[in-house]
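These notes are about the structure you will find just below.
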Amino acid sequence: MRVGLIGFGSIAEHGHLPALQSCPDVEIGAIADLSADRLDRARDLLPAVSLHASPAELIEQAQVDVLDICTPPHTHAELMVAACRRGIGTIVSEKPFVLSEEEYARVACARAESGARVFSVNNWVHSDLNRRVTDVLRSGMIGKVRRVVLRTGRPDIALGNGGWQPRWRTDPAYSGGGIILDHGWHQLYLLLGWIGQDLESVSAVTRTIDPRHYPVEDDAAVELCFASALGRIELSWIAEGRSNEGEIEATHGHIAIFDERIVVRTAMTERVFPFAGRLTQSSYHPDWFQKMFEHGILDKNREEADRTFAEAGILVGAIGAAYRSARDNGAAYRPRIPAFVQEESVSGSLRSASSPS
Ligand SMILES: NC(=O)c1ccc[n+]([C@@H]2O[C@H](COP(=O)([O-])OP(=O)(O)OC[C@H]3O[C@@H](n4cnc5c(N)ncnc54)[C@H](O)[C@@H]3O)[C@@H](O)[C@H]2O)c1
């Protein structure tokens, strides 16, 4: 399986590359990056790889089975469309998958024309801790989920590598927005999967507290309404330290999520599940990526590709609604779910990897 990597920055070097190298029968065949420093780094690590200073050149010339896109968000849609047109069979894009409903529609058209399997990166689903939460919910031991709250705190943005623009996360031309798109994306797919119902409305309040983060939001609270459940995501780039935590209330019990353990309570029992790694340990977690590549991408699993693609459509609609709400003082907005995703939902392929049902 020959893999081409576009964007050889922090997540490509420390997350995707070690994950791919630990999967059997994978060869990194080509790497593209705009930065000469990053191409030098790729040459140091992988002397035999073919290097491209232009992503278009890699897409046109390299013979790859899988294209793995790890560039900043503003490039994802354009690169996925080009890869579909080139006939690459398996395409993976980092989060946020795309930045708008319009970009999503363009990728959906190119994907339909080419028949490519297009995967949206969902590495947080594959952490041991989050998998255990999913298993507990699937087991039915705490009943039906009624409320999920997830919180992410970081003391600042994660800097991009020094070879390009380390502060791209605060420039909307590259990032498309602030912490909702950056960390909220992961928390949203976890929450949607655990609640497992159609999202009805979204409201959000955002602020920019640290002037270094202007003009994007560095603090956000997003409320999500479902037919018989509520969700809330709290995000901050001005926290004192790194934190990830949350809670899940269900009809017959409760899960408290901490950085390195979960506590599952029912009327009769309390069980603590500890984990060797912490959620906040780093931004990379190659073991989560390894599971993501093995579960669906490298085994060319059409169902998982379609599921993550449809899920990305819901996330784009939800985040669009959150930003509209934030501009309208927190009013509730119904997400615009792309037509393609509604059709998929009807045909039943939206069952989430992290859904309890
Ligand atoms: N899934 C996760 O847990 C996770 C974690 C971190 C970052 N990310 C995502 O990964 C992507 C990259 O983030 P990063 O932290 O590695 O950033 P980074 O700045 O370290 O790396 C981005 C790289 O892309 C290159 N680049 C920029 N524009 C390009 C273009 N048009 N063509 C080719 N190369 C280009 C830059 O030179 C740079 O080397 C972002 O979408 C980010 O949101 C995901």
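Residue names in the structure tokens use chain letters A, B, ... in the order shown, residue numbers from 1 in each chain, and ligand numbers from 1 in the order shown.
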Would you name the residues within 7 Å of ligand 1, counting only C-alpha atoms and all ligand atoms, and put them as number ranges by chain? A: 6-12, 32-35, 38, 54-55, 70-73, 75, 94-96, 121-123, 158-161, 163-166, 168, 182, 283-284
For Arg265 (chain A), please output as a count of residues only all residues within 10 Å (counting only C-alpha atoms; exclusion window: fewer than 2 positions along the same chain). 16
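Across the model, the gap from CA of Glu57 (chain A) to CA of Pro24 (chain A) is 27.2 Å.
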Kindly give the distance, in Å, that separates CA of Leu230 (chain A) and CA of Ser201 (chain A), rounded to a single decimal. 10.0 Å
Residue set, region 58-114 of chain A restricted to helix (DSSP H, G or I), as an MDAnalysis selection string: chainID A and resid 58:61 73:86 101:114
Report, in Å to a single decimal, how far apart CA of Ile337 (chain A) and CA of Glu200 (chain A) are. 10.3 Å
Would you mind telling me which residue in A:Thr152, A:Asn130, A:Asn301, A:Thr206 lies nearest to Thr90 (chain A) when using only C-alpha atoms?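 Of all the options, A:Asn301 lies closest to Thr90 (chain A).
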Write out as an MDAnalysis selection string the residues lying within 12 Å of Ser22 (chain A), counting only C-alpha atoms and excluding same-chain residues fewer than 6 positions away. chainID A and resid 15:16 28 286:291 293:294
Residues from the last selection, N, CA, C and O atoms, saved as an mmCIF file, in the first residue's frame:
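For reference, selection.cif as written:
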```cif
data_model
loop_
_atom_site.group_PDB
_atom_site.id
_atom_site.type_symbol
_atom_site.label_atom_id
_atom_site.label_comp_id
_atom_site.auth_asym_id
_atom_site.auth_seq_id
_atom_site.Cartn_x
_atom_site.Cartn_y
_atom_site.Cartn_z
ATOM 1 N N GLY A 15 2.357 12.207 14.366
ATOM 2 C CA GLY A 15 1.137 11.404 14.505
ATOM 3 C C GLY A 15 0.978 10.413 13.358
ATOM 4 O O GLY A 15 1.071 9.206 13.544
ATOM 5 N N HIS A 16 0.779 10.913 12.155
ATOM 6 C CA HIS A 16 0.469 10.020 11.020
ATOM 7 C C HIS A 16 1.656 9.142 10.633
ATOM 8 O O HIS A 16 1.483 7.945 10.394
ATOM 9 N N ILE A 28 5.612 4.638 2.637
ATOM 10 C CA ILE A 28 5.388 6.064 2.370
ATOM 11 C C ILE A 28 6.092 6.353 1.045
ATOM 12 O O ILE A 28 7.325 6.348 0.966
ATOM 13 N N PRO A 286 0.218 8.765 18.357
ATOM 14 C CA PRO A 286 0.280 7.909 17.160
ATOM 15 C C PRO A 286 -0.502 6.614 17.309
ATOM 16 O O PRO A 286 -0.979 6.071 16.317
ATOM 17 N N ASP A 287 -0.665 6.120 18.560
ATOM 18 C CA ASP A 287 -1.432 4.865 18.730
ATOM 19 C C ASP A 287 -2.890 5.047 18.324
ATOM 20 O O ASP A 287 -3.503 4.145 17.769
ATOM 21 N N TRP A 288 -3.467 6.229 18.568
ATOM 22 C CA TRP A 288 -4.854 6.464 18.134
ATOM 23 C C TRP A 288 -4.902 6.461 16.594
ATOM 24 O O TRP A 288 -5.810 5.900 15.994
ATOM 25 N N PHE A 289 -3.898 7.100 15.979
ATOM 26 C CA PHE A 289 -3.886 7.140 14.506
ATOM 27 C C PHE A 289 -3.691 5.744 13.924
ATOM 28 O O PHE A 289 -4.261 5.411 12.891
ATOM 29 N N GLN A 290 -2.857 4.945 14.596
ATOM 30 C CA GLN A 290 -2.631 3.588 14.076
ATOM 31 C C GLN A 290 -3.959 2.829 14.018
ATOM 32 O O GLN A 290 -4.283 2.182 13.026
ATOM 33 N N LYS A 291 -4.733 2.950 15.103
ATOM 34 C CA LYS A 291 -6.031 2.244 15.108
ATOM 35 C C LYS A 291 -6.942 2.822 14.027
ATOM 36 O O LYS A 291 -7.679 2.090 13.369
ATOM 37 N N PHE A 293 -6.038 4.134 11.160
ATOM 38 C CA PHE A 293 -5.628 3.652 9.827
ATOM 39 C C PHE A 293 -6.014 2.188 9.656
ATOM 40 O O PHE A 293 -6.473 1.784 8.589
ATOM 41 N N GLU A 294 -5.825 1.412 10.722
ATOM 42 C CA GLU A 294 -6.116 -0.028 10.592
ATOM 43 C C GLU A 294 -7.608 -0.294 10.518
ATOM 44 O O GLU A 294 -8.040 -1.231 9.863
#
```
